[in-house]
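With compact mmCIF, C-alpha atoms inside, this is my_file-v1.txt:
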# COMPACT_ATOMS: atom_id res chain seq x y z
CA MET B 461 -57.22 -85.59 -17.67
CA LYS B 462 -59.82 -83.39 -15.94
CA VAL B 463 -62.00 -84.35 -12.98
CA LYS B 464 -65.42 -82.70 -12.45
CA LEU B 465 -65.67 -81.20 -8.97
CA GLY B 466 -69.23 -79.89 -9.16
CA THR B 467 -70.61 -76.41 -8.69
CA ILE B 468 -68.15 -74.51 -6.51
CA PRO B 469 -66.99 -70.91 -7.13
CA LEU B 470 -63.34 -72.01 -7.20
CA VAL B 471 -61.64 -68.68 -7.96
CA TYR B 472 -58.32 -68.29 -6.09
CA PRO B 473 -56.62 -66.69 -4.34
CA ILE B 474 -59.23 -64.63 -2.52
CA PRO B 475 -58.16 -61.39 -0.81
CA ILE B 476 -59.24 -61.36 2.84
CA ILE B 477 -60.67 -57.98 3.85
CA LEU B 478 -62.61 -56.40 6.69
CA ALA B 479 -65.72 -54.71 5.33
CA GLY B 480 -66.79 -51.78 7.48
CA ALA B 481 -70.20 -50.19 7.93
CA ASN B 482 -71.99 -48.16 10.56
CA VAL B 483 -74.96 -50.03 11.99
CA GLN B 484 -77.28 -47.70 13.87
CA GLY B 485 -74.40 -45.29 14.38
CA ARG B 486 -71.81 -47.82 15.57
CA ALA B 487 -68.88 -49.15 13.54
CA ASN B 488 -68.99 -52.82 12.61
CA PHE B 489 -66.60 -55.00 10.62
CA ALA B 490 -67.12 -58.29 8.79
CA THR B 491 -64.36 -60.55 7.49
CA LEU B 492 -64.93 -61.61 3.91
CA GLY B 493 -63.29 -62.82 0.74
CA ASP B 494 -66.17 -62.02 -1.60
CA CYS B 495 -64.59 -58.76 -2.65
CA GLY B 496 -62.69 -57.51 -5.68
CA ILE B 497 -62.10 -54.92 -8.36
CA MET B 498 -64.67 -54.15 -11.08
CA GLY B 499 -62.86 -51.36 -12.86
CA LEU B 500 -59.98 -48.90 -12.65
CA ASN B 501 -61.64 -45.81 -14.10
CA PRO B 502 -64.22 -45.32 -12.69
CA PRO B 503 -62.65 -46.97 -9.61
CA LEU B 504 -65.15 -49.75 -8.84
CA VAL B 505 -65.01 -52.44 -6.16
CA TYR B 506 -67.63 -54.74 -4.66
CA VAL B 507 -68.48 -56.71 -1.55
CA SER B 508 -70.99 -59.56 -1.38
CA LEU B 509 -72.73 -60.46 1.88
CA HIS B 510 -75.56 -62.62 3.18
CA GLN B 511 -78.77 -60.60 3.35
CA ASN B 512 -79.02 -61.36 7.09
CA HIS B 513 -75.44 -60.27 7.82
CA TYR B 514 -75.30 -57.55 10.48
CA THR B 515 -72.99 -55.47 8.24
CA THR B 516 -75.56 -55.65 5.41
CA ARG B 517 -77.93 -53.60 7.55
CA GLY B 518 -75.37 -50.83 7.89
CA ILE B 519 -74.62 -50.66 4.16
CA GLU B 520 -78.35 -50.47 3.41
CA GLU B 521 -78.72 -47.74 6.03
CA ASN B 522 -75.96 -45.42 4.81
CA GLN B 523 -75.23 -46.60 1.25
CA THR B 524 -71.55 -46.46 2.14
CA PHE B 525 -68.97 -49.04 3.22
CA SER B 526 -65.23 -49.42 3.67
CA ILE B 527 -62.73 -52.07 2.64
CA ASN B 528 -59.90 -52.51 5.13
CA ILE B 529 -57.03 -54.76 4.11
CA PRO B 530 -55.34 -56.42 7.09
CA SER B 531 -51.75 -57.66 7.18
CA THR B 532 -50.73 -61.17 8.16
CA SER B 533 -49.85 -59.85 11.63
CA MET B 534 -53.61 -59.25 12.08
CA LEU B 535 -54.62 -62.80 11.16
CA ALA B 536 -56.11 -63.80 14.54
CA VAL B 537 -58.31 -60.72 15.00
CA THR B 538 -59.30 -60.86 11.32
CA ASP B 539 -60.44 -64.47 11.58
CA TYR B 540 -62.19 -63.61 14.86
CA CYS B 541 -64.25 -60.92 13.07
CA GLY B 542 -65.54 -63.68 10.80
CA LEU B 543 -66.53 -65.87 13.74
CA VAL B 544 -68.72 -63.45 15.68
CA SER B 545 -71.62 -61.21 14.66
CA GLY B 546 -71.80 -57.50 15.35
CA ALA B 547 -75.24 -58.21 16.80
CA GLU B 548 -73.50 -59.88 19.75
CA VAL B 549 -70.00 -58.40 19.89
CA ASP B 550 -69.03 -54.73 19.67
CA LYS B 551 -66.29 -55.06 17.04
CA SER B 552 -65.66 -51.31 17.04
CA ALA B 553 -63.79 -51.89 20.32
CA LEU B 554 -61.25 -54.19 18.61
CA PHE B 555 -59.67 -51.47 16.49
CA GLU B 556 -58.83 -47.79 16.31
CA VAL B 557 -61.64 -46.54 14.07
CA PHE B 558 -61.52 -43.43 11.87
CA TYR B 559 -63.86 -41.82 9.35
CA GLY B 560 -63.23 -39.97 6.09
CA GLU B 561 -65.15 -37.81 3.62
CA LEU B 562 -68.34 -39.87 3.64
CA GLU B 563 -68.50 -39.73 7.46
CA THR B 564 -70.43 -43.02 7.69
CA ALA B 565 -67.88 -45.60 6.45
CA PRO B 566 -65.78 -46.65 9.45
CA MET B 567 -62.16 -47.56 8.75
CA ILE B 568 -59.53 -49.48 10.71
CA ALA B 569 -56.34 -47.53 11.49
CA GLU B 570 -54.35 -50.75 12.06
CA CYS B 571 -54.89 -51.90 8.45
CA PRO B 572 -52.23 -50.47 6.09
CA VAL B 573 -54.81 -49.76 3.36
CA ASN B 574 -58.41 -48.51 3.64
CA LEU B 575 -60.87 -47.82 0.84
CA GLU B 576 -63.81 -45.51 1.46
CA CYS B 577 -66.69 -46.38 -0.87
CA ARG B 578 -70.09 -45.02 -1.92
CA VAL B 579 -72.63 -47.58 -3.17
CA VAL B 580 -73.38 -46.98 -6.86
CA LYS B 581 -75.29 -50.20 -7.48
CA ALA B 582 -76.84 -52.86 -5.26
CA PHE B 583 -78.64 -56.05 -6.18
CA GLY B 584 -79.67 -59.40 -4.75
CA ILE B 585 -79.27 -62.96 -6.00
CA GLU B 586 -81.09 -65.42 -3.79
CA HIS B 587 -79.88 -64.66 -0.22
CA ARG B 588 -76.83 -62.66 -1.34
CA ARG B 589 -76.67 -58.87 -1.40
CA ILE B 590 -74.00 -57.43 -3.68
CA TYR B 591 -72.83 -53.83 -3.34
CA VAL B 592 -70.78 -52.15 -6.04
CA GLY B 593 -68.92 -49.18 -4.63
CA GLU B 594 -67.11 -46.28 -6.20
CA VAL B 595 -63.92 -45.55 -4.28
CA VAL B 596 -64.02 -41.94 -3.06
CA GLN B 597 -60.72 -42.05 -1.19
CA VAL B 598 -57.89 -44.44 -0.36
CA TYR B 599 -55.98 -44.13 2.93
CA VAL B 600 -52.56 -45.74 3.20
CA ASP B 601 -50.09 -45.93 6.08
CA GLU B 602 -47.32 -43.40 5.47
CA ALA B 603 -44.74 -46.18 5.79
CA CYS B 604 -46.36 -48.03 2.86
CA VAL B 605 -46.10 -45.11 0.43
CA VAL B 606 -43.06 -44.39 -1.73
CA GLY B 607 -42.32 -41.42 -4.01
CA LYS B 608 -43.48 -37.84 -3.73
CA GLU B 609 -46.59 -35.85 -4.67
CA GLU B 610 -47.99 -36.91 -8.06
CA ARG B 611 -45.60 -39.87 -8.26
CA ARG B 612 -46.61 -41.41 -4.96
CA THR B 613 -47.25 -45.11 -5.15
CA ILE B 614 -47.53 -48.09 -2.88
CA VAL B 615 -44.79 -50.45 -1.66
CA PRO B 616 -44.65 -53.97 -3.14
CA MET B 617 -47.31 -56.42 -2.02
CA THR B 618 -44.68 -58.47 -0.16
CA GLU B 619 -44.36 -55.53 2.26
CA LEU B 620 -48.11 -54.91 2.53
CA ALA B 621 -48.35 -58.62 3.48
CA PRO B 622 -52.06 -59.22 2.84
CA ILE B 623 -53.88 -62.37 3.95
CA LEU B 624 -54.89 -64.70 1.11
CA TYR B 625 -57.56 -67.35 1.34
CA GLY B 626 -58.30 -70.47 -0.63
CA LEU B 627 -61.43 -72.60 -0.75
CA ASP B 628 -59.32 -75.26 0.99
CA ASN B 629 -60.06 -73.10 4.08
CA ARG B 630 -56.39 -72.17 4.52
CA TYR B 631 -54.84 -68.73 4.81
CA TYR B 632 -51.68 -67.95 2.85
CA SER B 633 -49.15 -65.14 2.59
CA VAL B 634 -47.98 -63.51 -0.65
CA GLY B 635 -44.88 -65.07 -2.19
CA GLU B 636 -42.15 -63.68 -4.40
CA THR B 637 -42.40 -61.18 -7.26
CA ILE B 638 -42.38 -63.23 -10.47
CA GLY B 639 -42.79 -60.63 -13.19
CA VAL B 640 -44.02 -57.30 -14.47
CA GLY B 641 -47.41 -56.68 -16.07
CA TYR B 642 -47.53 -56.16 -19.86
CA ALA B 643 -43.83 -57.12 -20.09
CA GLU B 644 -43.72 -60.92 -19.72
CA GLY B 645 -45.99 -61.30 -22.74
CA LYS B 646 -43.62 -59.33 -24.96
CA LYS B 647 -40.95 -61.95 -24.33
CA TYR B 648 -43.50 -64.63 -25.26
CA GLN B 649 -44.32 -62.76 -28.45
CA ARG B 650 -40.62 -62.66 -29.44
CA GLU B 651 -39.71 -66.19 -28.40
CA ASP B 652 -42.78 -68.30 -29.11
CA GLY B 653 -44.99 -66.18 -31.34
CA ASP B 654 -44.46 -64.94 -34.88
CA MET Y 1480 -50.41 -41.55 10.03
CA LYS Y 1481 -52.44 -42.11 6.85
CA VAL Y 1482 -51.74 -40.64 3.43
CA LYS Y 1483 -54.58 -40.07 0.92
CA LEU Y 1484 -53.80 -41.77 -2.39
CA GLY Y 1485 -56.90 -40.69 -4.30
CA THR Y 1486 -59.55 -42.77 -6.06
CA ILE Y 1487 -57.97 -46.09 -6.95
CA PRO Y 1488 -59.63 -49.51 -6.49
CA LEU Y 1489 -56.73 -50.73 -4.35
CA VAL Y 1490 -57.93 -54.22 -3.44
CA TYR Y 1491 -55.12 -56.79 -3.37
CA PRO Y 1492 -54.05 -59.36 -4.25
CA ILE Y 1493 -55.97 -59.83 -7.48
CA PRO Y 1494 -56.28 -63.34 -8.95
CA ILE Y 1495 -55.09 -63.40 -12.57
CA ILE Y 1496 -57.41 -65.45 -14.76
CA LEU Y 1497 -58.08 -66.12 -18.43
CA ALA Y 1498 -61.74 -65.42 -19.23
CA GLY Y 1499 -63.00 -67.53 -22.11
CA ALA Y 1500 -65.85 -66.90 -24.54
CA ASN Y 1501 -66.78 -67.97 -28.03
CA VAL Y 1502 -66.83 -65.01 -30.40
CA GLN Y 1503 -68.67 -65.86 -33.60
CA GLY Y 1504 -68.00 -69.53 -33.01
CA ARG Y 1505 -64.28 -69.22 -32.19
CA ALA Y 1506 -62.71 -69.51 -28.74
CA ASN Y 1507 -61.14 -66.35 -27.35
CA PHE Y 1508 -59.39 -65.63 -24.05
CA ALA Y 1509 -58.77 -62.38 -22.19
CA THR Y 1510 -56.40 -61.94 -19.25
CA LEU Y 1511 -57.98 -60.12 -16.37
CA GLY Y 1512 -57.89 -59.53 -12.64
CA ASP Y 1513 -61.38 -58.06 -12.33
CA CYS Y 1514 -62.81 -61.37 -11.23
CA GLY Y 1515 -63.90 -62.92 -7.94
CA ILE Y 1516 -66.40 -64.83 -5.86
CA MET Y 1517 -69.88 -63.47 -5.06
CA GLY Y 1518 -71.25 -66.43 -3.14
CA LEU Y 1519 -70.75 -70.07 -2.28
CA ASN Y 1520 -74.33 -71.31 -2.47
CA PRO Y 1521 -75.52 -70.46 -5.07
CA PRO Y 1522 -71.98 -70.61 -6.54
CA LEU Y 1523 -71.57 -67.11 -7.97
CA VAL Y 1524 -68.54 -65.53 -9.65
CA TYR Y 1525 -68.09 -62.46 -11.85
CA VAL Y 1526 -65.89 -60.98 -14.53
CA SER Y 1527 -65.74 -57.28 -15.44
CA LEU Y 1528 -64.63 -56.17 -18.91
CA HIS Y 1529 -64.49 -53.04 -21.04
CA GLN Y 1530 -67.61 -52.83 -23.22
CA ASN Y 1531 -65.39 -52.75 -26.34
CA HIS Y 1532 -63.39 -55.82 -25.32
CA TYR Y 1533 -63.50 -58.55 -27.96
CA THR Y 1534 -64.39 -61.13 -25.27
CA THR Y 1535 -67.38 -59.01 -24.19
CA ARG Y 1536 -68.95 -59.64 -27.61
CA GLY Y 1537 -68.75 -63.40 -27.05
CA ILE Y 1538 -70.30 -63.28 -23.58
CA GLU Y 1539 -73.17 -61.13 -24.92
CA GLU Y 1540 -73.63 -63.57 -27.81
CA ASN Y 1541 -73.83 -66.80 -25.76
CA GLN Y 1542 -74.54 -65.63 -22.20
CA THR Y 1543 -71.83 -68.04 -21.07
CA PHE Y 1544 -68.16 -67.66 -20.16
CA SER Y 1545 -65.34 -69.60 -18.53
CA ILE Y 1546 -62.75 -68.75 -15.90
CA ASN Y 1547 -59.43 -70.49 -16.45
CA ILE Y 1548 -56.84 -70.16 -13.70
CA PRO Y 1549 -53.28 -70.36 -15.01
CA SER Y 1550 -50.24 -71.47 -13.01
CA THR Y 1551 -47.06 -69.44 -12.67
CA SER Y 1552 -45.48 -71.64 -15.37
CA MET Y 1553 -47.96 -70.04 -17.80
CA LEU Y 1554 -47.03 -66.44 -16.90
CA ALA Y 1555 -45.64 -65.41 -20.30
CA VAL Y 1556 -48.58 -66.68 -22.39
CA THR Y 1557 -51.04 -65.32 -19.80
CA ASP Y 1558 -49.53 -61.84 -19.93
CA TYR Y 1559 -49.45 -62.12 -23.73
CA CYS Y 1560 -53.22 -62.73 -23.82
CA GLY Y 1561 -53.62 -59.38 -22.07
CA LEU Y 1562 -51.45 -57.59 -24.64
CA VAL Y 1563 -53.23 -58.60 -27.84
CA SER Y 1564 -56.90 -58.52 -28.90
CA GLY Y 1565 -58.80 -61.49 -30.23
CA ALA Y 1566 -59.82 -59.21 -33.09
CA GLU Y 1567 -56.22 -59.42 -34.35
CA VAL Y 1568 -54.78 -62.66 -32.94
CA ASP Y 1569 -56.40 -66.10 -32.93
CA LYS Y 1570 -55.85 -66.93 -29.25
CA SER Y 1571 -57.61 -70.30 -29.60
CA ALA Y 1572 -54.40 -71.50 -31.28
CA LEU Y 1573 -52.35 -70.82 -28.13
CA PHE Y 1574 -54.01 -73.51 -26.03
CA GLU Y 1575 -55.71 -76.89 -26.13
CA VAL Y 1576 -59.37 -75.87 -25.93
CA PHE Y 1577 -62.21 -78.01 -24.59
CA TYR Y 1578 -65.94 -77.47 -23.98
CA GLY Y 1579 -68.28 -78.71 -21.27
CA GLU Y 1580 -72.01 -78.88 -20.59
CA LEU Y 1581 -72.82 -75.40 -21.87
CA GLU Y 1582 -71.04 -76.11 -25.17
CA THR Y 1583 -70.24 -72.42 -25.76
CA ALA Y 1584 -67.80 -71.63 -22.93
CA PRO Y 1585 -64.31 -72.55 -24.18
CA MET Y 1586 -61.84 -73.78 -21.54
CA ILE Y 1587 -58.05 -74.13 -21.48
CA ALA Y 1588 -56.77 -77.67 -20.84
CA GLU Y 1589 -53.35 -76.36 -19.71
CA CYS Y 1590 -54.90 -74.47 -16.76
CA PRO Y 1591 -55.27 -76.71 -13.67
CA VAL Y 1592 -58.71 -75.29 -12.84
CA ASN Y 1593 -61.56 -74.27 -15.16
CA LEU Y 1594 -64.97 -72.88 -14.22
CA GLU Y 1595 -67.84 -73.13 -16.69
CA CYS Y 1596 -70.37 -70.36 -16.07
CA ARG Y 1597 -73.82 -69.27 -17.18
CA VAL Y 1598 -74.62 -65.55 -16.98
CA VAL Y 1599 -77.35 -64.92 -14.38
CA LYS Y 1600 -77.00 -61.14 -14.28
CA ALA Y 1601 -75.32 -58.53 -16.46
CA PHE Y 1602 -75.07 -54.79 -16.03
CA GLY Y 1603 -73.06 -51.80 -17.14
CA ILE Y 1604 -71.40 -48.97 -15.22
CA GLU Y 1605 -69.98 -46.35 -17.59
CA HIS Y 1606 -67.80 -48.30 -20.08
CA ARG Y 1607 -67.61 -51.46 -17.94
CA ARG Y 1608 -69.74 -54.55 -18.48
CA ILE Y 1609 -70.06 -56.82 -15.46
CA TYR Y 1610 -71.23 -60.42 -15.80
CA VAL Y 1611 -72.28 -62.45 -12.78
CA GLY Y 1612 -72.10 -66.15 -13.55
CA GLU Y 1613 -73.44 -69.20 -11.84
CA VAL Y 1614 -70.85 -71.98 -11.92
CA VAL Y 1615 -72.37 -75.02 -13.66
CA GLN Y 1616 -69.24 -77.18 -13.49
CA VAL Y 1617 -65.65 -77.06 -12.29
CA TYR Y 1618 -62.93 -79.02 -14.11
CA VAL Y 1619 -59.70 -79.76 -12.27
CA ASP Y 1620 -56.54 -81.57 -13.39
CA GLU Y 1621 -56.57 -85.07 -11.91
CA ALA Y 1622 -53.14 -84.39 -10.35
CA CYS Y 1623 -54.63 -81.47 -8.38
CA VAL Y 1624 -57.40 -83.48 -6.74
CA VAL Y 1625 -57.00 -85.41 -3.49
CA GLY Y 1626 -59.42 -87.77 -1.74
CA LYS Y 1627 -62.10 -89.99 -3.21
CA GLU Y 1628 -65.70 -89.61 -4.38
CA GLU Y 1629 -67.71 -87.35 -2.07
CA ARG Y 1630 -64.60 -86.32 -0.15
CA ARG Y 1631 -62.63 -85.14 -3.16
CA THR Y 1632 -60.99 -81.79 -2.67
CA ILE Y 1633 -58.28 -79.69 -4.19
CA VAL Y 1634 -54.56 -79.62 -3.36
CA PRO Y 1635 -53.21 -76.62 -1.38
CA MET Y 1636 -52.89 -73.33 -3.26
CA THR Y 1637 -49.09 -73.57 -3.07
CA GLU Y 1638 -49.33 -76.53 -5.47
CA LEU Y 1639 -51.92 -74.92 -7.76
CA ALA Y 1640 -49.45 -72.00 -7.99
CA PRO Y 1641 -51.78 -69.25 -9.27
CA ILE Y 1642 -50.53 -65.90 -10.56
CA LEU Y 1643 -51.30 -62.94 -8.27
CA TYR Y 1644 -51.32 -59.34 -9.36
CA GLY Y 1645 -51.03 -56.05 -7.52
CA LEU Y 1646 -51.84 -52.54 -8.67
CA ASP Y 1647 -48.08 -51.95 -8.55
CA ASN Y 1648 -48.19 -53.82 -11.90
CA ARG Y 1649 -46.18 -56.75 -10.54
CA TYR Y 1650 -47.02 -60.43 -10.61
CA TYR Y 1651 -46.51 -62.53 -7.48
CA SER Y 1652 -46.66 -66.18 -6.46
CA VAL Y 1653 -48.53 -67.56 -3.45
CA GLY Y 1654 -46.45 -67.83 -0.28
CA GLU Y 1655 -46.70 -70.11 2.72
CA THR Y 1656 -49.76 -71.43 4.54
CA ILE Y 1657 -50.22 -69.22 7.60
CA GLY Y 1658 -53.39 -70.55 9.19
CA VAL Y 1659 -56.75 -72.27 9.02
CA GLY Y 1660 -60.07 -70.51 8.49
CA TYR Y 1661 -62.40 -70.15 11.50
CA ALA Y 1662 -59.63 -71.48 13.79
CA GLU Y 1663 -57.17 -68.59 14.22
CA GLY Y 1664 -59.95 -66.42 15.63
CA LYS Y 1665 -60.74 -68.94 18.37
CA LYS Y 1666 -57.20 -68.51 19.71
CA TYR Y 1667 -57.76 -64.74 19.65
CA GLN Y 1668 -60.99 -65.16 21.56
CA ARG Y 1669 -59.22 -67.20 24.27
CA GLU Y 1670 -56.08 -65.08 24.53
CA ASP Y 1671 -57.18 -61.52 23.91
CA GLY Y 1672 -60.94 -61.50 24.29
CA ASP Y 1673 -63.11 -62.03 27.32
Would it be possible to restate this file's structure as structure tokens?
Amino acid sequence: MKVKLGTIPLVYPIPIILAGANVQGRANFATLGDCGIMGLNPPLVYVSLHQNHYTTRGIEENQTFSINIPSTSMLAVTDYCGLVSGAEVDKSALFEVFYGELETAPMIAECPVNLECRVVKAFGIEHRRIYVGEVVQVYVDEACVVGKEERRTIVPMTELAPILYGLDNRYYSVGETIGVGYAEGKKYQREDGD
Amino acid sequence: MKVKLGTIPLVYPIPIILAGANVQGRANFATLGDCGIMGLNPPLVYVSLHQNHYTTRGIEENQTFSINIPSTSMLAVTDYCGLVSGAEVDKSALFEVFYGELETAPMIAECPVNLECRVVKAFGIEHRRIYVGEVVQVYVDEACVVGKEERRTIVPMTELAPILYGLDNRYYSVGETIGVGYAEGKKYQREDGD
């Protein structure tokens, strides 16, 4: 039996990230969950912000942004960045900031993973501004990389320890590994299918 | 010390969902992680698919789609839906299918949460087709709803037990609750800020 809950964008879990942009030459960071992947090749991601967001100004200005993925150990400062506006608080002072190839997308050294992005499409729907970015470089803490040269890859998500969010307004950690992609379905095919 | 990993859309975790569309009158479902929230009000979500995906045809046809969020108990059949194309396998036979207000967005009764969406914007980037949908109704299993009438809300994400995915090609479960939104940052403000 299903219950109708109305018109809420109830996709879960949401990855909590810090979106970075330079606003009038100074680094600013906004906490958001309206972020995700749009494609692997080309490598597309997006962020969605309120048109009046301080960070929005910086993305419009430079047509670049960063996605910084905090760990659970950064929960308090991450939530704090969602409470205050860059118009009032200098959030660049909260972190060690670095820049990459694009030179205008500020990144947070304390986050284990940083994506440097160039805007390839932008559009508005009512008061929202949505920026689709092509990833030009990914920066990862050395300790979170395994393998050598061409075979380098990232440690399991349990070690990266991202912050998850649900529309119940709670933060969660990542749980256990429960399977491997494109492998679980083969068992299903054998056992339950034809 | 940061290591450059190249151009990968390394946002994590990714919510694993089953996107539903009617293709020539028959329900079809595609497993994907390229899905997320674009806004709360208006309630905007998106899915991104390959232009040659069988499901893409159905979304183009009806300008509607559904997002069905499976639980970890559905891992095998969910992964299976990502292994086979609707052009070869009748995936409508795998689930109990129901329709809502839009009449053309098929939903999966076995998933605890279903979003019925109308396309409000569509665009292409190289071979990807991205559909932004406005949520017209959310259907939730009665057992996953708490509270009454206007105060109805959803159970914690630990009980919904969604499937998470990482670009390490592993599936994960949701872990523990670690905090409350817009509350953790207030502690930071008191303890570490001015």
Residues at most 9 Å from segment 1522-1528 of chain Y, counting all atoms listed in the file, excluding those fewer than 3 positions away in the same chain, as a PDB file with C-alpha atoms, in the coordinates of the input?
ATOM      1  CA  THR B 467     -70.610 -76.410  -8.690  1.00  0.00           C
ATOM      2  CA  ILE B 468     -68.150 -74.510  -6.510  1.00  0.00           C
ATOM      3  CA  PRO B 469     -66.990 -70.910  -7.130  1.00  0.00           C
ATOM      4  CA  LEU B 470     -63.340 -72.010  -7.200  1.00  0.00           C
ATOM      5  CA  VAL B 471     -61.640 -68.680  -7.960  1.00  0.00           C
ATOM      6  CA  ILE B 497     -62.100 -54.920  -8.360  1.00  0.00           C
ATOM      7  CA  MET B 498     -64.670 -54.150 -11.080  1.00  0.00           C
ATOM      8  CA  GLY B 499     -62.860 -51.360 -12.860  1.00  0.00           C
ATOM      9  CA  ILE B 585     -79.270 -62.960  -6.000  1.00  0.00           C
TER      10      ILE B 585
ATOM     11  CA  ALA Y1498     -61.740 -65.420 -19.230  1.00  0.00           C
ATOM     12  CA  LEU Y1511     -57.980 -60.120 -16.370  1.00  0.00           C
ATOM     13  CA  GLY Y1512     -57.890 -59.530 -12.640  1.00  0.00           C
ATOM     14  CA  ASP Y1513     -61.380 -58.060 -12.330  1.00  0.00           C
ATOM     15  CA  CYS Y1514     -62.810 -61.370 -11.230  1.00  0.00           C
ATOM     16  CA  GLY Y1515     -63.900 -62.920  -7.940  1.00  0.00           C
ATOM     17  CA  ILE Y1516     -66.400 -64.830  -5.860  1.00  0.00           C
ATOM     18  CA  MET Y1517     -69.880 -63.470  -5.060  1.00  0.00           C
ATOM     19  CA  GLY Y1518     -71.250 -66.430  -3.140  1.00  0.00           C
ATOM     20  CA  LEU Y1519     -70.750 -70.070  -2.280  1.00  0.00           C
ATOM     21  CA  ASN Y1531     -65.390 -52.750 -26.340  1.00  0.00           C
ATOM     22  CA  HIS Y1532     -63.390 -55.820 -25.320  1.00  0.00           C
ATOM     23  CA  THR Y1534     -64.390 -61.130 -25.270  1.00  0.00           C
ATOM     24  CA  THR Y1535     -67.380 -59.010 -24.190  1.00  0.00           C
ATOM     25  CA  ILE Y1546     -62.750 -68.750 -15.900  1.00  0.00           C
ATOM     26  CA  CYS Y1596     -70.370 -70.360 -16.070  1.00  0.00           C
ATOM     27  CA  VAL Y1598     -74.620 -65.550 -16.980  1.00  0.00           C
ATOM     28  CA  VAL Y1599     -77.350 -64.920 -14.380  1.00  0.00           C
ATOM     29  CA  HIS Y1606     -67.800 -48.300 -20.080  1.00  0.00           C
ATOM     30  CA  ARG Y1607     -67.610 -51.460 -17.940  1.00  0.00           C
ATOM     31  CA  ARG Y1608     -69.740 -54.550 -18.480  1.00  0.00           C
ATOM     32  CA  ILE Y1609     -70.060 -56.820 -15.460  1.00  0.00           C
ATOM     33  CA  TYR Y1610     -71.230 -60.420 -15.800  1.00  0.00           C
ATOM     34  CA  VAL Y1611     -72.280 -62.450 -12.780  1.00  0.00           C
ATOM     35  CA  GLY Y1612     -72.100 -66.150 -13.550  1.00  0.00           C
ATOM     36  CA  GLU Y1613     -73.440 -69.200 -11.840  1.00  0.00           C
ATOM     37  CA  VAL Y1614     -70.850 -71.980 -11.920  1.00  0.00           C
ATOM     38  CA  VAL Y1615     -72.370 -75.020 -13.660  1.00  0.00           C
TER      39      VAL Y1615
END
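For the pair atom CA of Asp1620 of chain Y and atom CA of Ile1493 of chain Y, the interatomic distance is 22.5 Å.
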Provide the atom CA of Leu478 of chain B to atom CA of Ile529 of chain B distance in Å, to one decimal place.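 Interatomic distance, atom CA of Leu478 of chain B to atom CA of Ile529 of chain B: 6.4 Å.
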Fewer than 5 positions away in the same chain doesn't count, so skip those; otherwise give me all residues within 8 Å of segment 608-617 of chain B, counting all atoms listed in the file, as a ChimeraX atom specification. /B:622,634 /Y:1484,1491-1492,1645,1647
Excluding same-chain residues fewer than 5 positions from Gly542 of chain B, what lies within 12 Å of it counting all atoms listed in the file, as a PyMOL selection string? (chain B and resi 476-479+488-493+509+513-515+535-537+549+551) or (chain Y and resi 1660-1665+1667-1668)
Selection as a list in words: residues within 9 Å of (-58.6, -46.5, 4.4), counting only C-alpha atoms: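 Returned residue set, sorted by chain then number, is Ser526, Ile527, Asn528, Ile529, Phe558, Tyr559, Gly560, Pro566, Met567, Ile568, Ala569, Cys571, Pro572, Val573, Asn574, Leu575, Glu576, Gln597, Val598, Tyr599, Val600 and Asp601 of chain B; Lys1481 and Lys1483 of chain Y.
Atom pair atom CA of Val557 of chain B / atom CA of Val483 of chain B has a distance of 13.9 Å (rounded to one decimal).
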Residue nearest Asn1520 of chain Y - candidates B:Glu521, B:Glu586, B:Glu636, B:Glu619, atoms counted: all atoms listed in the file: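 Once distances to Asn1520 of chain Y are computed over all atoms listed in the file, the minimum belongs to B:Glu586.
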Find the residue from B:Glu602, B:Glu556, B:Glu561, B:Glu651 that sits nearest to chain Y; use all atoms listed in the file when measuring. B:Glu602
Point out the residue among B:Leu620, B:Ala582, B:Val463, B:Thr524 with the least atom-to-atom distance to chain Y, counting all atoms listed in the file. B:Val463
From the set B:Gly466, B:Tyr625, B:Glu563, B:Gly518, which residue has the shortest atom-to-atom contact distance to chain Y, counting all atoms listed in the file?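 Closest to chain Y, using all atoms listed in the file: B:Gly466.
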So which one's closest to Ile638 of chain B, B:Ile519, B:Thr618, B:Arg650, B:Pro502? Using all atoms listed in the file, please. B:Thr618
Closest of B:Thr538, B:Gln511, B:Ser545, B:Ser552 to chain Y, counting only C-alpha atoms, is B:Thr538
Some atoms are absent from segment 600-605 of chain B, so rebuild N, CA and C atoms and return them as a short mmCIF file (atom, residue, chain, number, x, y, z; two decimals), in the frame of the given file.
data_model
loop_
_atom_site.label_atom_id
_atom_site.label_comp_id
_atom_site.auth_asym_id
_atom_site.auth_seq_id
_atom_site.Cartn_x
_atom_site.Cartn_y
_atom_site.Cartn_z
N VAL B 600 -53.66 -44.79 3.11
CA VAL B 600 -52.56 -45.74 3.20
C VAL B 600 -51.59 -45.30 4.30
N ASP B 601 -51.10 -46.25 5.06
CA ASP B 601 -50.09 -45.93 6.08
C ASP B 601 -48.90 -45.24 5.41
N GLU B 602 -48.44 -44.18 6.01
CA GLU B 602 -47.32 -43.40 5.47
C GLU B 602 -46.13 -44.30 5.13
N ALA B 603 -45.88 -45.28 5.98
CA ALA B 603 -44.74 -46.18 5.79
C ALA B 603 -44.89 -47.08 4.56
N CYS B 604 -46.11 -47.16 4.02
CA CYS B 604 -46.36 -48.03 2.86
C CYS B 604 -46.42 -47.24 1.55
N VAL B 605 -46.06 -45.95 1.62
CA VAL B 605 -46.10 -45.11 0.43
C VAL B 605 -44.67 -44.74 0.05
#
